[in-house]
>>> print(open('query.csv').read())   # CSV, C-alpha atoms
chain,number,residue,atom,x,y,z
V,295,ALA,CA,91.8,132.8,72.2
V,296,GLN,CA,95.6,132.6,72.0
V,297,THR,CA,96.6,129.1,70.9
V,298,VAL,CA,100.4,129.5,70.8
V,299,THR,CA,102.4,131.4,73.4
V,300,GLN,CA,106.0,132.5,73.2
V,301,SER,CA,106.9,134.2,76.5
V,302,GLN,CA,110.4,135.4,75.5
V,303,PRO,CA,110.3,138.5,73.2
V,304,GLU,CA,114.1,138.5,72.9
V,305,MET,CA,117.0,136.2,73.6
V,306,SER,CA,120.7,136.8,73.3
V,307,VAL,CA,123.4,134.2,72.9
V,308,GLN,CA,127.1,134.1,72.5
V,309,GLU,CA,128.5,132.6,69.4
V,310,ALA,CA,129.1,128.8,69.8
V,311,GLU,CA,126.8,128.7,72.9
V,312,THR,CA,123.4,127.2,73.3
V,313,VAL,CA,120.1,129.0,73.5
V,314,THR,CA,116.6,127.6,74.2
V,315,LEU,CA,113.4,129.2,73.1
V,316,SER,CA,110.2,128.4,74.8
V,317,CYS,CA,106.7,127.8,73.4
V,318,THR,CA,103.5,126.5,74.9
V,319,TYR,CA,100.3,125.8,73.1
V,320,ASP,CA,96.7,124.8,73.7
V,321,THR,CA,94.8,122.0,72.0
V,322,SER,CA,92.3,119.3,72.7
V,323,GLU,CA,93.6,117.1,69.9
V,324,SER,CA,95.7,114.0,70.7
V,325,ASP,CA,97.4,113.8,67.3
V,326,TYR,CA,98.8,117.0,65.8
V,327,TYR,CA,101.9,118.7,64.5
V,328,LEU,CA,104.1,121.5,65.7
V,329,PHE,CA,106.5,123.7,63.8
V,330,TRP,CA,109.3,126.2,64.4
V,331,TYR,CA,109.9,128.8,61.6
V,332,LYS,CA,112.8,131.2,61.3
V,333,GLN,CA,112.5,134.7,59.9
V,334,PRO,CA,115.9,136.3,59.2
V,335,PRO,CA,116.2,140.0,58.4
V,336,SER,CA,115.3,139.2,54.7
V,337,ARG,CA,111.8,138.4,56.0
V,338,GLN,CA,111.7,135.1,54.3
V,339,MET,CA,109.9,132.5,56.5
V,340,ILE,CA,111.9,129.3,56.6
V,341,LEU,CA,110.9,126.0,58.2
V,342,VAL,CA,113.4,125.0,61.0
V,343,ILE,CA,111.9,121.8,62.4
V,344,ARG,CA,108.6,119.8,62.6
V,345,GLN,CA,107.4,117.6,65.4
V,346,GLU,CA,104.6,115.0,65.1
V,347,ALA,CA,102.8,114.6,68.5
V,348,TYR,CA,102.4,110.9,68.3
V,349,LYS,CA,106.2,110.4,68.0
V,350,GLN,CA,107.9,110.1,71.4
V,351,GLN,CA,111.3,111.0,70.0
V,352,ASN,CA,112.2,114.7,69.9
V,353,ALA,CA,112.8,116.0,66.4
V,354,THR,CA,116.4,117.1,65.5
V,355,GLU,CA,117.7,118.9,62.5
V,356,ASN,CA,121.5,119.4,62.6
V,357,ARG,CA,122.1,122.0,65.4
V,358,PHE,CA,118.4,122.5,66.0
V,359,SER,CA,116.4,120.2,68.3
V,360,VAL,CA,113.2,120.4,70.3
V,361,ASN,CA,112.1,119.3,73.7
V,362,PHE,CA,108.5,118.2,73.2
V,363,GLN,CA,106.5,117.7,76.4
V,364,LYS,CA,103.1,116.6,75.3
V,365,ALA,CA,101.4,116.5,78.7
V,366,ALA,CA,102.7,120.0,79.5
V,367,LYS,CA,101.9,121.2,76.0
V,368,SER,CA,105.4,122.6,75.7
V,369,PHE,CA,107.5,122.7,72.6
V,370,SER,CA,110.9,124.4,73.1
V,371,LEU,CA,113.6,124.9,70.5
V,372,LYS,CA,117.3,124.5,71.3
V,373,ILE,CA,119.9,126.0,69.1
V,374,SER,CA,123.3,124.5,69.7
V,375,ASP,CA,126.7,125.9,68.7
V,376,SER,CA,125.0,129.2,67.8
V,377,GLN,CA,126.2,130.9,64.6
V,378,LEU,CA,125.9,134.5,63.4
V,379,GLY,CA,123.5,133.3,60.7
V,380,ASP,CA,121.1,132.1,63.4
V,381,ALA,CA,120.2,135.7,64.2
V,382,ALA,CA,116.5,135.9,63.4
V,383,MET,CA,113.0,135.9,64.7
V,384,TYR,CA,111.7,132.5,65.5
V,385,PHE,CA,108.1,131.5,65.5
V,386,CYS,CA,106.4,128.5,67.0
V,387,ALA,CA,103.3,127.4,65.0
V,388,TYR,CA,100.4,125.0,65.6
V,389,PRO,CA,98.3,123.9,62.6
V,390,ASN,CA,94.6,123.5,63.4
V,391,ASP,CA,93.0,122.1,60.3
V,392,TYR,CA,94.0,124.5,57.6
V,393,LYS,CA,94.7,127.3,60.0
V,394,LEU,CA,98.2,127.9,61.2
V,395,SER,CA,98.4,129.7,64.5
V,396,PHE,CA,101.7,131.5,65.3
V,397,GLY,CA,103.2,132.7,68.5
V,398,ALA,CA,104.3,136.3,68.8
V,399,GLY,CA,107.9,135.3,68.0
V,400,THR,CA,111.3,135.5,69.8
V,401,THR,CA,114.1,137.6,68.4
V,402,VAL,CA,117.4,135.9,68.7
V,403,THR,CA,120.6,138.0,68.8
V,404,VAL,CA,124.0,136.2,68.4
V,405,ARG,CA,127.0,138.0,69.9
V,406,ALA,CA,130.3,137.5,68.2
R,347,ASN,CA,110.6,126.1,40.5
R,348,ALA,CA,110.1,129.7,41.5
R,349,GLY,CA,108.2,128.5,44.5
R,350,VAL,CA,105.8,131.1,45.9
R,351,THR,CA,106.0,134.6,44.4
R,352,GLN,CA,104.4,137.8,45.5
R,353,THR,CA,104.0,141.2,43.9
R,354,PRO,CA,104.6,144.0,44.6
R,355,LYS,CA,107.3,143.9,47.2
R,356,PHE,CA,106.4,147.3,48.6
R,357,GLN,CA,103.4,149.5,48.1
R,358,VAL,CA,102.2,152.9,49.5
R,359,LEU,CA,98.4,153.6,49.4
R,360,LYS,CA,96.2,156.4,50.4
R,361,THR,CA,93.3,155.8,52.7
R,362,GLY,CA,90.3,154.6,50.6
R,363,GLN,CA,92.3,153.3,47.6
R,364,SER,CA,92.0,149.8,46.4
R,365,MET,CA,94.6,147.4,45.3
R,366,THR,CA,95.3,143.7,44.7
R,367,LEU,CA,98.3,141.8,46.2
R,368,GLN,CA,99.3,139.0,43.8
R,369,CYS,CA,100.4,135.6,44.9
R,370,ALA,CA,101.3,132.7,42.6
R,371,GLN,CA,102.9,129.2,43.2
R,372,ASP,CA,104.2,126.7,40.7
R,373,MET,CA,104.3,123.7,43.0
R,374,ASN,CA,100.7,122.5,42.2
R,375,HIS,CA,99.8,123.1,45.9
R,376,GLU,CA,96.1,122.9,46.5
R,377,TYR,CA,96.2,124.8,49.8
R,378,MET,CA,97.0,128.5,49.8
R,379,SER,CA,96.7,131.2,52.4
R,380,TRP,CA,97.3,134.8,53.3
R,381,TYR,CA,98.8,136.1,56.5
R,382,ARG,CA,99.6,139.5,57.9
R,383,GLN,CA,102.5,140.2,60.2
R,384,ASP,CA,102.4,143.0,62.7
R,385,PRO,CA,105.0,143.7,65.4
R,386,GLY,CA,104.5,141.7,68.6
R,387,MET,CA,101.6,139.6,67.1
R,388,GLY,CA,103.3,137.0,64.9
R,389,LEU,CA,101.5,136.1,61.7
R,390,ARG,CA,97.7,136.0,61.6
R,391,LEU,CA,95.6,134.2,59.0
R,392,ILE,CA,93.5,136.4,56.8
R,393,HIS,CA,91.9,134.0,54.3
R,394,TYR,CA,92.7,130.6,52.9
R,395,SER,CA,91.8,128.3,50.1
R,396,VAL,CA,91.8,124.5,49.9
R,397,GLY,CA,91.5,124.4,46.1
R,398,ALA,CA,90.3,126.3,43.1
R,399,GLY,CA,86.8,127.8,43.7
R,400,ILE,CA,87.0,127.3,47.5
R,401,THR,CA,87.9,130.0,50.0
R,402,ASP,CA,87.3,130.6,53.7
R,403,GLN,CA,88.0,133.2,56.3
R,404,GLY,CA,90.8,133.1,58.8
R,405,GLU,CA,91.3,135.0,62.0
R,406,VAL,CA,91.3,138.6,60.6
R,407,PRO,CA,89.3,138.7,57.3
R,408,ASN,CA,87.6,142.1,57.6
R,409,GLY,CA,88.6,144.5,54.9
R,410,TYR,CA,90.0,141.8,52.6
R,411,ASN,CA,88.5,139.7,49.7
R,412,VAL,CA,90.0,136.7,48.0
R,413,SER,CA,89.1,134.4,45.1
R,414,ARG,CA,90.7,131.3,43.7
R,415,SER,CA,90.0,130.7,40.0
R,416,THR,CA,93.1,128.6,39.4
R,417,THR,CA,95.4,126.3,41.4
R,418,GLU,CA,98.3,128.6,40.8
R,419,ASP,CA,97.0,132.1,41.8
R,420,PHE,CA,95.4,133.4,45.0
R,421,PRO,CA,95.1,137.3,44.9
R,422,LEU,CA,94.2,139.3,48.0
R,423,ARG,CA,92.1,142.4,47.4
R,424,LEU,CA,91.9,145.5,49.6
R,425,LEU,CA,88.7,147.3,48.5
R,426,SER,CA,89.2,150.4,50.6
R,427,ALA,CA,92.5,150.6,52.3
R,428,ALA,CA,92.7,151.8,55.9
R,429,PRO,CA,95.8,152.8,58.0
R,430,SER,CA,95.1,149.7,60.2
R,431,GLN,CA,95.9,147.6,57.2
R,432,THR,CA,99.5,148.8,57.2
R,433,SER,CA,101.4,145.5,57.6
R,434,VAL,CA,103.6,143.0,55.9
R,435,TYR,CA,101.6,140.4,54.0
R,436,PHE,CA,102.7,136.8,53.3
R,437,CYS,CA,101.2,134.3,51.0
R,438,ALA,CA,101.8,130.6,51.7
R,439,SER,CA,101.1,127.3,50.0
R,440,SER,CA,101.2,123.6,50.8
R,441,LEU,CA,99.8,120.2,50.0
R,442,PRO,CA,96.6,119.6,52.0
R,443,ARG,CA,97.9,116.5,53.7
R,444,ASP,CA,95.9,115.6,56.8
R,445,ARG,CA,93.7,118.7,56.5
R,446,GLY,CA,96.7,120.9,56.2
R,447,ARG,CA,98.1,120.0,59.5
R,448,GLY,CA,101.1,117.9,58.6
R,449,GLU,CA,102.6,119.7,55.6
R,450,THR,CA,105.2,122.4,55.6
R,451,GLN,CA,103.9,125.7,54.4
R,452,TYR,CA,106.0,127.5,51.8
R,453,PHE,CA,106.0,131.2,52.1
R,454,GLY,CA,106.5,134.0,49.6
R,455,PRO,CA,108.9,136.8,50.3
R,456,GLY,CA,106.2,139.2,51.6
R,457,THR,CA,104.6,142.4,50.5
R,458,ARG,CA,105.1,145.5,52.7
R,459,LEU,CA,102.1,147.7,52.6
R,460,LEU,CA,101.9,151.3,54.0
R,461,VAL,CA,98.5,153.0,54.1
R,462,LEU,CA,98.7,156.7,54.7
>>> encode(input="query.csv", output="structure tokens")
Amino acid sequence: AQTVTQSQPEMSVQEAETVTLSCTYDTSESDYYLFWYKQPPSRQMILVIRQEAYKQQNATENRFSVNFQKAAKSFSLKISDSQLGDAAMYFCAYPNDYKLSFGAGTTVTVRA
Amino acid sequence: NAGVTQTPKFQVLKTGQSMTLQCAQDMNHEYMSWYRQDPGMGLRLIHYSVGAGITDQGEVPNGYNVSRSTTEDFPLRLLSAAPSQTSVYFCASSLPRDRGRGETQYFGPGTRLLVL
């Protein structure tokens, strides 16, 4: 069964603008973590941001922030002031014990 | 620290051949895992290990074997390669905090495998 769903295969954003990537997940746990990873053309997987479910405050890392809606099981990523270096595939991930489940990914294109 | 290293970077195999993908980490991480990445499917867990001598299956284990004799190394073996195993393979490691849920996983650079 699919645990993590990313419904947007591709997104395009103008440089300096904002783009939001959606992610929904399924879990019966009340305390858990959620991650967003970035994969640039180099293929290296890089952690973007992490959210702990018991924390009410949405996580923020510089230009990256999340909108975590626990009841709706939604975990979207917002990229503000988009830069050319943000062009990559982004994966939402949910760790279930030692098993990390990934969404299918969203490819972000940044237009100059 | 070199982090997580993988060799080779790229490999071409013929159907039926065997090979081992190497993975090593120098961060003293107890948890290590192997994923494969296919277009439109994200990364899927093949096998994982929570420490030396302990391994378990992930989502797509068929056709792959693993062993963990040391904390540092976690090789992935393809006993008889099939075209369906053409993929990009990633090794990852982390500390096992909270049953692996809370820690960031550190990924290697990947191995691209083509099976003809």
>>> interface_residues(input="query.csv", of="chain V", to="chain R", cutoff="8 Å", atoms="only C-alpha atoms", output="PyMOL selection string")
chain V and resi 326-327+337-341+346+385+389-399
>>> residues_around(input="query.csv", residues="segment 308-315 of chain V", least_positions_apart="5", cutoff="10 Å", atoms="only C-alpha atoms", output="PyMOL selection string")
chain V and resi 300-303+357-361+369-378+380+384-386+399-406
>>> closest_residue(input="query.csv", among="V:Met383, V:Ala353, V:Ala365, V:Ile343", to="Ser324 of chain V", atoms="all atoms listed in the file")
V:Ala365
>>> residues_around(input="query.csv", residues="Arg414 of chain R", least_positions_apart="4", cutoff="9 Å", atoms="all atoms listed in the file", output="list in words")
Ser395, Gly397, Ala398, Gly399, Ile400, Thr401, Glu418, Asp419, Phe420 and Pro421 of chain R
>>> atom_distance(input="query.csv", atom1="atom CA of Leu425 of chain R", atom2="atom CA of Thr366 of chain R")
8.4 Å
>>> residues_near_point(input="query.csv", point="(108.9, 147.5, 52.7)", cutoff="12 Å", atoms="only C-alpha atoms", output="PDB file with C-alpha atoms, keeping the file's coordinate frame")
ATOM      1  CA  PRO V 335     116.200 140.000  58.400  1.00  0.00           C
ATOM      2  CA  SER V 336     115.300 139.200  54.700  1.00  0.00           C
ATOM      3  CA  ARG V 337     111.800 138.400  56.000  1.00  0.00           C
TER       4      ARG V 337
ATOM      5  CA  THR R 353     104.000 141.200  43.900  1.00  0.00           C
ATOM      6  CA  PRO R 354     104.600 144.000  44.600  1.00  0.00           C
ATOM      7  CA  LYS R 355     107.300 143.900  47.200  1.00  0.00           C
ATOM      8  CA  PHE R 356     106.400 147.300  48.600  1.00  0.00           C
ATOM      9  CA  GLN R 357     103.400 149.500  48.100  1.00  0.00           C
ATOM     10  CA  VAL R 358     102.200 152.900  49.500  1.00  0.00           C
ATOM     11  CA  THR R 432      99.500 148.800  57.200  1.00  0.00           C
ATOM     12  CA  SER R 433     101.400 145.500  57.600  1.00  0.00           C
ATOM     13  CA  VAL R 434     103.600 143.000  55.900  1.00  0.00           C
ATOM     14  CA  TYR R 435     101.600 140.400  54.000  1.00  0.00           C
ATOM     15  CA  PRO R 455     108.900 136.800  50.300  1.00  0.00           C
ATOM     16  CA  GLY R 456     106.200 139.200  51.600  1.00  0.00           C
ATOM     17  CA  THR R 457     104.600 142.400  50.500  1.00  0.00           C
ATOM     18  CA  ARG R 458     105.100 145.500  52.700  1.00  0.00           C
ATOM     19  CA  LEU R 459     102.100 147.700  52.600  1.00  0.00           C
ATOM     20  CA  LEU R 460     101.900 151.300  54.000  1.00  0.00           C
ATOM     21  CA  VAL R 461      98.500 153.000  54.100  1.00  0.00           C
TER      22      VAL R 461
END
>>> atom_distance(input="query.csv", atom1="atom CA of Leu424 of chain R", atom2="atom CA of Glu376 of chain R")
23.2 Å
